[in-house]
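Content type mmCIF, N, CA and C atoms, from the file input_39.cif:
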data_structure
#
loop_
_atom_site.label_atom_id
_atom_site.label_comp_id
_atom_site.auth_asym_id
_atom_site.auth_seq_id
_atom_site.Cartn_x
_atom_site.Cartn_y
_atom_site.Cartn_z
N MET N 3 71.25 -79.46 -93.23
CA MET N 3 70.09 -80.28 -93.37
C MET N 3 69.73 -80.81 -91.99
N ILE N 4 68.49 -80.66 -91.58
CA ILE N 4 68.00 -81.17 -90.30
C ILE N 4 66.92 -82.21 -90.58
N LEU N 5 67.11 -83.40 -90.03
CA LEU N 5 66.15 -84.49 -90.20
C LEU N 5 65.68 -84.92 -88.82
N GLU N 6 64.36 -84.81 -88.58
CA GLU N 6 63.79 -85.18 -87.29
C GLU N 6 62.72 -86.25 -87.47
N ASN N 7 62.71 -87.21 -86.53
CA ASN N 7 61.69 -88.26 -86.50
C ASN N 7 61.56 -88.98 -87.83
N GLY N 8 62.67 -89.19 -88.51
CA GLY N 8 62.65 -89.85 -89.82
C GLY N 8 62.89 -91.34 -89.72
N PHE N 9 62.56 -92.05 -90.81
CA PHE N 9 62.76 -93.49 -90.91
C PHE N 9 63.23 -93.79 -92.33
N TYR N 10 64.46 -94.26 -92.45
CA TYR N 10 65.07 -94.55 -93.74
C TYR N 10 65.44 -96.02 -93.76
N ASP N 11 64.75 -96.81 -94.60
CA ASP N 11 64.90 -98.26 -94.58
C ASP N 11 65.12 -98.80 -95.98
N THR N 12 66.13 -99.67 -96.12
CA THR N 12 66.41 -100.43 -97.33
C THR N 12 66.62 -99.53 -98.55
N ASN N 13 67.48 -98.55 -98.40
CA ASN N 13 67.90 -97.71 -99.51
C ASN N 13 69.29 -98.14 -99.94
N SER N 14 69.67 -97.83 -101.17
CA SER N 14 71.01 -98.18 -101.62
C SER N 14 71.59 -97.05 -102.45
N GLY N 15 72.88 -96.84 -102.24
CA GLY N 15 73.61 -95.81 -102.99
C GLY N 15 74.45 -96.44 -104.07
N PRO N 16 74.78 -95.68 -105.09
CA PRO N 16 75.59 -96.21 -106.19
C PRO N 16 77.02 -96.48 -105.76
N ALA N 17 77.69 -97.30 -106.49
CA ALA N 17 79.08 -97.64 -106.21
C ALA N 17 80.00 -96.53 -106.70
N ILE N 18 79.99 -95.43 -105.98
CA ILE N 18 80.85 -94.30 -106.32
C ILE N 18 81.70 -93.94 -105.11
N GLU N 19 82.64 -93.06 -105.28
CA GLU N 19 83.55 -92.73 -104.19
C GLU N 19 82.85 -92.05 -103.03
N ALA N 20 81.82 -91.27 -103.25
CA ALA N 20 81.15 -90.55 -102.16
C ALA N 20 80.35 -91.52 -101.31
N GLY N 21 79.18 -91.91 -101.71
CA GLY N 21 78.40 -92.89 -100.97
C GLY N 21 77.12 -92.33 -100.39
N GLY N 22 76.74 -92.88 -99.25
CA GLY N 22 75.49 -92.50 -98.60
C GLY N 22 74.33 -93.31 -99.11
N GLY N 23 74.13 -94.52 -98.53
CA GLY N 23 73.03 -95.38 -98.97
C GLY N 23 71.67 -94.74 -98.84
N ALA N 24 71.45 -94.00 -97.77
CA ALA N 24 70.17 -93.31 -97.57
C ALA N 24 70.32 -91.81 -97.76
N ILE N 25 71.43 -91.23 -97.24
CA ILE N 25 71.59 -89.78 -97.25
C ILE N 25 73.00 -89.41 -97.70
N LEU N 26 73.10 -88.55 -98.69
CA LEU N 26 74.37 -87.99 -99.14
C LEU N 26 74.31 -86.48 -98.94
N ALA N 27 75.15 -85.99 -98.05
CA ALA N 27 75.25 -84.54 -97.79
C ALA N 27 76.65 -84.11 -98.21
N ASP N 28 76.82 -83.92 -99.50
CA ASP N 28 78.14 -83.62 -100.05
C ASP N 28 78.61 -82.22 -99.69
N ARG N 29 77.70 -81.31 -99.49
CA ARG N 29 78.05 -79.94 -99.11
C ARG N 29 77.20 -79.57 -97.89
N GLY N 30 77.82 -79.09 -96.86
CA GLY N 30 77.06 -78.71 -95.68
C GLY N 30 76.94 -79.84 -94.69
N GLY N 31 76.33 -79.57 -93.57
CA GLY N 31 76.24 -80.53 -92.49
C GLY N 31 74.90 -81.22 -92.40
N VAL N 32 74.83 -82.17 -91.47
CA VAL N 32 73.63 -82.95 -91.25
C VAL N 32 73.36 -83.03 -89.75
N THR N 33 72.10 -82.84 -89.37
CA THR N 33 71.66 -83.04 -88.00
C THR N 33 70.53 -84.06 -88.01
N LEU N 34 70.72 -85.14 -87.24
CA LEU N 34 69.68 -86.16 -87.09
C LEU N 34 69.16 -86.13 -85.67
N GLN N 35 67.84 -86.13 -85.53
CA GLN N 35 67.22 -86.17 -84.21
C GLN N 35 66.12 -87.22 -84.23
N THR N 36 66.21 -88.17 -83.33
CA THR N 36 65.27 -89.29 -83.24
C THR N 36 64.93 -89.86 -84.61
N THR N 37 65.97 -90.23 -85.33
CA THR N 37 65.84 -90.76 -86.69
C THR N 37 66.40 -92.17 -86.74
N THR N 38 65.73 -93.06 -87.47
CA THR N 38 66.19 -94.44 -87.64
C THR N 38 66.64 -94.64 -89.07
N LEU N 39 67.83 -95.22 -89.22
CA LEU N 39 68.36 -95.60 -90.52
C LEU N 39 68.74 -97.07 -90.45
N ARG N 40 68.07 -97.93 -91.22
CA ARG N 40 68.36 -99.35 -91.15
C ARG N 40 68.33 -100.00 -92.53
N ASN N 41 69.16 -101.03 -92.67
CA ASN N 41 69.23 -101.85 -93.88
C ASN N 41 69.60 -101.06 -95.13
N ASN N 42 70.38 -100.01 -94.99
CA ASN N 42 70.84 -99.23 -96.14
C ASN N 42 72.22 -99.72 -96.56
N THR N 43 72.52 -99.64 -97.87
CA THR N 43 73.79 -100.16 -98.36
C THR N 43 74.42 -99.26 -99.41
N VAL N 44 75.74 -99.38 -99.48
CA VAL N 44 76.55 -98.80 -100.55
C VAL N 44 77.54 -99.89 -100.93
N SER N 45 77.81 -100.04 -102.21
CA SER N 45 78.78 -101.05 -102.63
C SER N 45 79.91 -100.39 -103.41
N GLY N 46 80.95 -101.17 -103.68
CA GLY N 46 82.09 -100.65 -104.43
C GLY N 46 83.02 -99.85 -103.55
N SER N 47 83.43 -98.69 -104.02
CA SER N 47 84.37 -97.87 -103.27
C SER N 47 83.65 -96.78 -102.48
N GLY N 48 82.39 -96.98 -102.19
CA GLY N 48 81.60 -95.99 -101.47
C GLY N 48 81.87 -95.98 -99.98
N ARG N 49 81.31 -94.96 -99.32
CA ARG N 49 81.45 -94.81 -97.88
C ARG N 49 80.11 -94.41 -97.30
N GLY N 50 79.88 -94.83 -96.07
CA GLY N 50 78.65 -94.44 -95.38
C GLY N 50 77.45 -95.24 -95.83
N GLY N 51 77.28 -96.44 -95.28
CA GLY N 51 76.15 -97.28 -95.66
C GLY N 51 74.81 -96.58 -95.51
N ALA N 52 74.66 -95.77 -94.48
CA ALA N 52 73.43 -95.00 -94.27
C ALA N 52 73.62 -93.53 -94.61
N LEU N 53 74.76 -92.96 -94.18
CA LEU N 53 74.97 -91.51 -94.29
C LEU N 53 76.41 -91.19 -94.66
N PHE N 54 76.58 -90.33 -95.64
CA PHE N 54 77.90 -89.77 -95.96
C PHE N 54 77.79 -88.25 -95.93
N THR N 55 78.73 -87.61 -95.23
CA THR N 55 78.73 -86.16 -95.17
C THR N 55 80.13 -85.59 -95.31
N ASN N 56 80.21 -84.46 -95.99
CA ASN N 56 81.45 -83.70 -96.12
C ASN N 56 81.46 -82.54 -95.14
N GLY N 57 80.44 -82.43 -94.33
CA GLY N 57 80.33 -81.31 -93.40
C GLY N 57 80.21 -81.79 -91.98
N PRO N 58 79.94 -80.89 -91.06
CA PRO N 58 79.76 -81.28 -89.66
C PRO N 58 78.52 -82.17 -89.53
N TYR N 59 78.56 -83.04 -88.55
CA TYR N 59 77.51 -84.03 -88.37
C TYR N 59 77.10 -84.05 -86.90
N ARG N 60 75.80 -84.12 -86.66
CA ARG N 60 75.28 -84.21 -85.29
C ARG N 60 74.15 -85.23 -85.28
N SER N 61 74.20 -86.10 -84.27
CA SER N 61 73.15 -87.10 -84.12
C SER N 61 72.73 -87.15 -82.66
N THR N 62 71.43 -87.10 -82.42
CA THR N 62 70.89 -87.20 -81.07
C THR N 62 69.73 -88.19 -81.07
N ALA N 63 69.79 -89.15 -80.15
CA ALA N 63 68.70 -90.12 -79.96
C ALA N 63 68.29 -90.79 -81.27
N SER N 64 69.28 -91.21 -82.06
CA SER N 64 69.00 -91.87 -83.33
C SER N 64 69.47 -93.32 -83.28
N TYR N 65 69.12 -94.08 -84.33
CA TYR N 65 69.36 -95.52 -84.34
C TYR N 65 69.84 -95.92 -85.73
N PHE N 66 71.01 -96.56 -85.78
CA PHE N 66 71.59 -97.08 -87.02
C PHE N 66 71.66 -98.59 -86.91
N LEU N 67 70.88 -99.31 -87.70
CA LEU N 67 70.78 -100.77 -87.61
C LEU N 67 71.04 -101.44 -88.95
N ASN N 68 71.99 -102.36 -88.97
CA ASN N 68 72.26 -103.22 -90.13
C ASN N 68 72.52 -102.46 -91.43
N ASN N 69 73.24 -101.37 -91.34
CA ASN N 69 73.69 -100.67 -92.55
C ASN N 69 75.05 -101.23 -92.93
N ARG N 70 75.39 -101.16 -94.22
CA ARG N 70 76.67 -101.75 -94.61
C ARG N 70 77.23 -101.14 -95.88
N VAL N 71 78.54 -101.23 -95.95
CA VAL N 71 79.26 -100.89 -97.17
C VAL N 71 79.89 -102.19 -97.65
N ILE N 72 79.55 -102.57 -98.85
CA ILE N 72 79.98 -103.86 -99.39
C ILE N 72 81.17 -103.62 -100.31
N ALA N 73 82.34 -104.08 -99.90
CA ALA N 73 83.55 -103.93 -100.71
C ALA N 73 83.47 -104.86 -101.92
N GLN N 74 83.89 -104.34 -103.05
CA GLN N 74 83.94 -105.16 -104.27
C GLN N 74 85.38 -105.19 -104.74
N GLY N 75 85.97 -106.37 -104.74
CA GLY N 75 87.37 -106.49 -105.10
C GLY N 75 88.24 -106.01 -103.95
N ASN N 76 89.37 -105.42 -104.27
CA ASN N 76 90.31 -104.94 -103.26
C ASN N 76 90.16 -103.43 -103.09
N LEU N 77 89.01 -102.99 -102.59
CA LEU N 77 88.73 -101.56 -102.46
C LEU N 77 88.84 -101.15 -101.00
N SER N 78 89.94 -100.48 -100.64
CA SER N 78 90.16 -100.10 -99.25
C SER N 78 89.32 -98.91 -98.82
N GLU N 79 88.65 -98.26 -99.74
CA GLU N 79 87.84 -97.08 -99.40
C GLU N 79 86.41 -97.43 -99.01
N SER N 80 86.13 -98.70 -98.78
CA SER N 80 84.80 -99.12 -98.34
C SER N 80 84.71 -98.93 -96.84
N SER N 81 84.25 -97.76 -96.40
CA SER N 81 84.37 -97.36 -95.00
C SER N 81 83.07 -96.79 -94.45
N GLY N 82 82.90 -96.98 -93.13
CA GLY N 82 81.75 -96.40 -92.43
C GLY N 82 80.47 -97.15 -92.70
N GLY N 83 80.29 -98.29 -92.04
CA GLY N 83 79.08 -99.09 -92.26
C GLY N 83 77.80 -98.30 -92.07
N ALA N 84 77.74 -97.44 -91.06
CA ALA N 84 76.58 -96.59 -90.82
C ALA N 84 76.85 -95.16 -91.29
N VAL N 85 77.96 -94.58 -90.83
CA VAL N 85 78.26 -93.16 -91.10
C VAL N 85 79.70 -93.00 -91.56
N ALA N 86 79.89 -92.22 -92.61
CA ALA N 86 81.22 -91.79 -93.03
C ALA N 86 81.21 -90.28 -93.11
N SER N 87 82.19 -89.69 -92.44
CA SER N 87 82.30 -88.23 -92.41
C SER N 87 83.72 -87.86 -92.80
N GLN N 88 83.85 -86.92 -93.72
CA GLN N 88 85.19 -86.50 -94.13
C GLN N 88 85.25 -84.99 -94.28
N ASN N 89 86.45 -84.48 -94.15
CA ASN N 89 86.69 -83.06 -94.36
C ASN N 89 88.01 -82.91 -95.09
N ASN N 90 87.95 -82.50 -96.34
CA ASN N 90 89.15 -82.29 -97.14
C ASN N 90 89.51 -80.83 -97.28
N ASP N 91 88.84 -79.96 -96.55
CA ASP N 91 89.11 -78.52 -96.61
C ASP N 91 90.16 -78.15 -95.58
N PRO N 92 91.39 -77.80 -96.00
CA PRO N 92 92.44 -77.48 -95.05
C PRO N 92 92.21 -76.18 -94.27
N ASN N 93 91.23 -75.39 -94.68
CA ASN N 93 90.95 -74.11 -94.02
C ASN N 93 89.86 -74.20 -92.96
N THR N 94 89.28 -75.37 -92.78
CA THR N 94 88.15 -75.53 -91.87
C THR N 94 88.33 -76.77 -91.00
N VAL N 95 88.10 -76.63 -89.72
CA VAL N 95 88.06 -77.78 -88.81
C VAL N 95 86.59 -78.02 -88.48
N ARG N 96 86.08 -79.17 -88.87
CA ARG N 96 84.67 -79.47 -88.64
C ARG N 96 84.49 -80.28 -87.38
N ARG N 97 83.41 -80.02 -86.68
CA ARG N 97 83.11 -80.72 -85.43
C ARG N 97 81.85 -81.57 -85.59
N SER N 98 81.96 -82.79 -85.10
CA SER N 98 80.81 -83.70 -85.12
C SER N 98 80.51 -84.14 -83.70
N THR N 99 79.23 -84.22 -83.38
CA THR N 99 78.80 -84.65 -82.06
C THR N 99 77.75 -85.74 -82.20
N ILE N 100 78.01 -86.86 -81.56
CA ILE N 100 77.08 -87.98 -81.58
C ILE N 100 76.75 -88.30 -80.13
N GLN N 101 75.45 -88.23 -79.80
CA GLN N 101 75.06 -88.49 -78.42
C GLN N 101 73.77 -89.30 -78.36
N THR N 102 73.67 -90.12 -77.35
CA THR N 102 72.53 -91.01 -77.11
C THR N 102 72.04 -91.68 -78.39
N THR N 103 72.99 -92.18 -79.17
CA THR N 103 72.69 -92.84 -80.44
C THR N 103 73.13 -94.29 -80.36
N LEU N 104 72.35 -95.18 -80.95
CA LEU N 104 72.64 -96.61 -80.95
C LEU N 104 73.10 -97.04 -82.34
N PHE N 105 74.26 -97.70 -82.39
CA PHE N 105 74.79 -98.29 -83.62
C PHE N 105 74.82 -99.79 -83.42
N GLU N 106 74.06 -100.53 -84.23
CA GLU N 106 73.97 -101.98 -84.04
C GLU N 106 74.01 -102.72 -85.38
N GLY N 107 74.91 -103.69 -85.48
CA GLY N 107 74.96 -104.59 -86.63
C GLY N 107 75.40 -103.95 -87.93
N ASN N 108 76.18 -102.88 -87.88
CA ASN N 108 76.67 -102.22 -89.10
C ASN N 108 78.01 -102.81 -89.50
N THR N 109 78.30 -102.86 -90.82
CA THR N 109 79.54 -103.48 -91.28
C THR N 109 80.18 -102.70 -92.42
N ALA N 110 81.52 -102.76 -92.45
CA ALA N 110 82.32 -102.14 -93.52
C ALA N 110 83.73 -102.71 -93.44
N THR N 111 84.56 -102.36 -94.39
CA THR N 111 85.96 -102.76 -94.34
C THR N 111 86.68 -102.02 -93.23
N ARG N 112 86.46 -100.71 -93.13
CA ARG N 112 87.06 -99.88 -92.08
C ARG N 112 85.96 -99.09 -91.40
N GLY N 113 85.96 -99.09 -90.07
CA GLY N 113 84.92 -98.37 -89.33
C GLY N 113 83.57 -99.04 -89.46
N GLY N 114 83.38 -100.14 -88.75
CA GLY N 114 82.13 -100.89 -88.86
C GLY N 114 80.89 -100.03 -88.67
N ALA N 115 80.92 -99.13 -87.69
CA ALA N 115 79.79 -98.23 -87.46
C ALA N 115 80.09 -96.84 -88.01
N VAL N 116 81.24 -96.26 -87.62
CA VAL N 116 81.56 -94.87 -87.98
C VAL N 116 82.99 -94.79 -88.52
N PHE N 117 83.15 -94.02 -89.60
CA PHE N 117 84.48 -93.74 -90.14
C PHE N 117 84.58 -92.23 -90.33
N ALA N 118 85.59 -91.63 -89.72
CA ALA N 118 85.81 -90.18 -89.85
C ALA N 118 87.24 -89.93 -90.31
N THR N 119 87.40 -89.02 -91.27
CA THR N 119 88.72 -88.72 -91.80
C THR N 119 88.83 -87.22 -92.11
N GLY N 120 90.04 -86.73 -92.14
CA GLY N 120 90.27 -85.32 -92.45
C GLY N 120 90.39 -84.48 -91.20
N LEU N 121 90.38 -83.17 -91.38
CA LEU N 121 90.50 -82.24 -90.26
C LEU N 121 89.18 -82.13 -89.54
N GLY N 122 89.19 -82.42 -88.27
CA GLY N 122 87.94 -82.31 -87.53
C GLY N 122 88.06 -82.86 -86.13
N GLU N 123 86.99 -82.70 -85.42
CA GLU N 123 86.89 -83.16 -84.04
C GLU N 123 85.59 -83.93 -83.91
N SER N 124 85.67 -85.13 -83.35
CA SER N 124 84.48 -85.95 -83.14
C SER N 124 84.27 -86.15 -81.65
N ASN N 125 83.07 -85.88 -81.20
CA ASN N 125 82.71 -86.05 -79.79
C ASN N 125 81.59 -87.07 -79.68
N TYR N 126 81.77 -88.04 -78.78
CA TYR N 126 80.80 -89.11 -78.58
C TYR N 126 80.37 -89.12 -77.12
N PHE N 127 79.06 -89.01 -76.87
CA PHE N 127 78.53 -88.98 -75.51
C PHE N 127 77.35 -89.94 -75.38
N TYR N 128 77.43 -90.87 -74.45
CA TYR N 128 76.31 -91.75 -74.07
C TYR N 128 75.75 -92.55 -75.25
N ASN N 129 76.63 -93.12 -76.05
CA ASN N 129 76.22 -93.93 -77.20
C ASN N 129 76.40 -95.40 -76.89
N SER N 130 75.77 -96.24 -77.71
CA SER N 130 75.95 -97.69 -77.61
C SER N 130 76.38 -98.22 -78.98
N PHE N 131 77.42 -99.04 -78.98
CA PHE N 131 77.91 -99.69 -80.19
C PHE N 131 77.82 -101.20 -79.94
N ILE N 132 76.94 -101.89 -80.67
CA ILE N 132 76.66 -103.30 -80.43
C ILE N 132 76.81 -104.08 -81.74
N ASP N 133 77.65 -105.11 -81.74
CA ASP N 133 77.80 -106.04 -82.87
C ASP N 133 78.09 -105.36 -84.20
N ASN N 134 78.89 -104.31 -84.22
CA ASN N 134 79.36 -103.72 -85.46
C ASN N 134 80.65 -104.42 -85.84
N ALA N 135 80.96 -104.49 -87.13
CA ALA N 135 82.14 -105.24 -87.55
C ALA N 135 82.84 -104.57 -88.73
N ALA N 136 84.18 -104.65 -88.70
CA ALA N 136 85.00 -104.19 -89.81
C ALA N 136 85.98 -105.31 -90.14
N SER N 137 86.19 -105.59 -91.41
CA SER N 137 87.11 -106.66 -91.80
C SER N 137 88.56 -106.20 -91.75
N ASP N 138 88.83 -104.89 -91.65
CA ASP N 138 90.20 -104.39 -91.59
C ASP N 138 90.47 -103.75 -90.24
N VAL N 139 89.97 -102.56 -89.98
CA VAL N 139 90.22 -101.86 -88.71
C VAL N 139 88.96 -101.15 -88.22
N GLY N 140 88.89 -100.94 -86.90
CA GLY N 140 87.81 -100.16 -86.31
C GLY N 140 86.45 -100.80 -86.34
N GLY N 141 86.25 -101.83 -85.55
CA GLY N 141 84.94 -102.51 -85.52
C GLY N 141 83.79 -101.58 -85.22
N ALA N 142 84.00 -100.63 -84.31
CA ALA N 142 82.97 -99.65 -84.00
C ALA N 142 83.29 -98.32 -84.68
N ILE N 143 84.46 -97.74 -84.36
CA ILE N 143 84.84 -96.43 -84.91
C ILE N 143 86.23 -96.54 -85.51
#

Is it possible to give me this structure as structure tokens?
Amino acid sequence: MILENGFYDTNSGPAIEAGGGAILADRGGVTLQTTTLRNNTVSGSGRGGALFTNGPYRSTASYFLNNRVIAQGNLSESSGGAVASQNNDPNTVRRSTIQTTLFEGNTATRGGAVFATGLGESNYFYNSFIDNAASDVGGAI
């Protein structure tokens, strides 16, 4: 999925294990180019306040502002205030690249801005992480 020059504001995802307040890419990858995602939420045991992907992820010149995952009760899987990326396929190593992207004011229990898990490689180039917060670990990533 390729998303260019998009604007995703004030969307919410259901309180399920997957997540993605604005975008859920359960199969396949996501490419964002000059896209803004702000004020998106997931609650419960969800992940990725703005975006959840099970595939490779690429972001260029995009902006993630005030996205959040709201933990309900003692749910440790509330992760990735802006982005959550996972790979549970033991036969594939997925690569994610995030460049010239701004993450500001995103919150979650783990990974205030970005949470990545599973087999994969994440590359970050020329990004800004400002005022992101996690109540457990990884204020930014």

Long-range neighbours of N:Gly31 as a PyMOL selection string, 6 Å cut-off, only N, CA and C atoms, 2 positions minimum in chain: chain N and resi 3+29+33+57-59

Take the PyMOL selection byres (((chain N and resi 97-101 and name CA) around 7) and name CA), apply it to the structure above, and return the hits as a PyMOL selection string. chain N and resi 58-63+95-96+102-103+122-129

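With only N, CA and C atoms as the atoms that count, the residue of N:Asn108, N:Val139, N:Gln88, N:Gly21 with the shortest distance to N:Ser45 is N:Gly21.
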
My list of candidates is N:Leu39, N:Ala27, N:Leu34, N:Leu121. Which is closest to N:Asn90 when distances are computed with only N, CA and C atoms?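 For N:Asn90, the nearest of the candidates is N:Leu121.
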
Provide the atom CA of N:Asp133 to atom C of N:Glu6 distance in Å, to one decimal place.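 Taking atom CA of N:Asp133 as the start and atom C of N:Glu6 as the end point, the length is 25.3 Å.
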
Could you tell me which residues the PyMOL selection byres (((chain N and resi 116 and name CA) around 10) and name CA) returns for this structure, as a PyMOL selection string? chain N and resi 49-51+53+81-87+105+108-110+112-115+117-118+131+134+140-143

Hey, can you check how far atom N of N:Gly23 sits from atom C of N:Thr94? 23.9 Å

Backbone-only DSSP, strand (DSSP E) members of stretch 39-142 of chain N, as a ChimeraX atom specification: /N:39-40,43-45,53-55,59-62,65-67,70-72,85-89,96-101,104-106,109-112,116-120,122-127,130-132,135-139

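If you look at atom CA of N:Leu104 and atom N of N:Thr37, they are 10.2 Å away from each other.
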
Restricting the calculation to only C-alpha atoms, which member of N:Ala73, N:Ile25, N:Asp11, N:Asn56 is positioned closest to N:Asn42? N:Asp11

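Restricting the calculation to only C-alpha atoms, the smallest distance between N:Ser80 and any of N:Val44, N:Leu67, N:Val32, N:Leu5 is found for N:Val44.
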
What does the PyMOL selection byres ((chain N and resi 14) around 6) select in this file, as a ChimeraX atom specification? /N:12-13,15-16,22-24,42-44
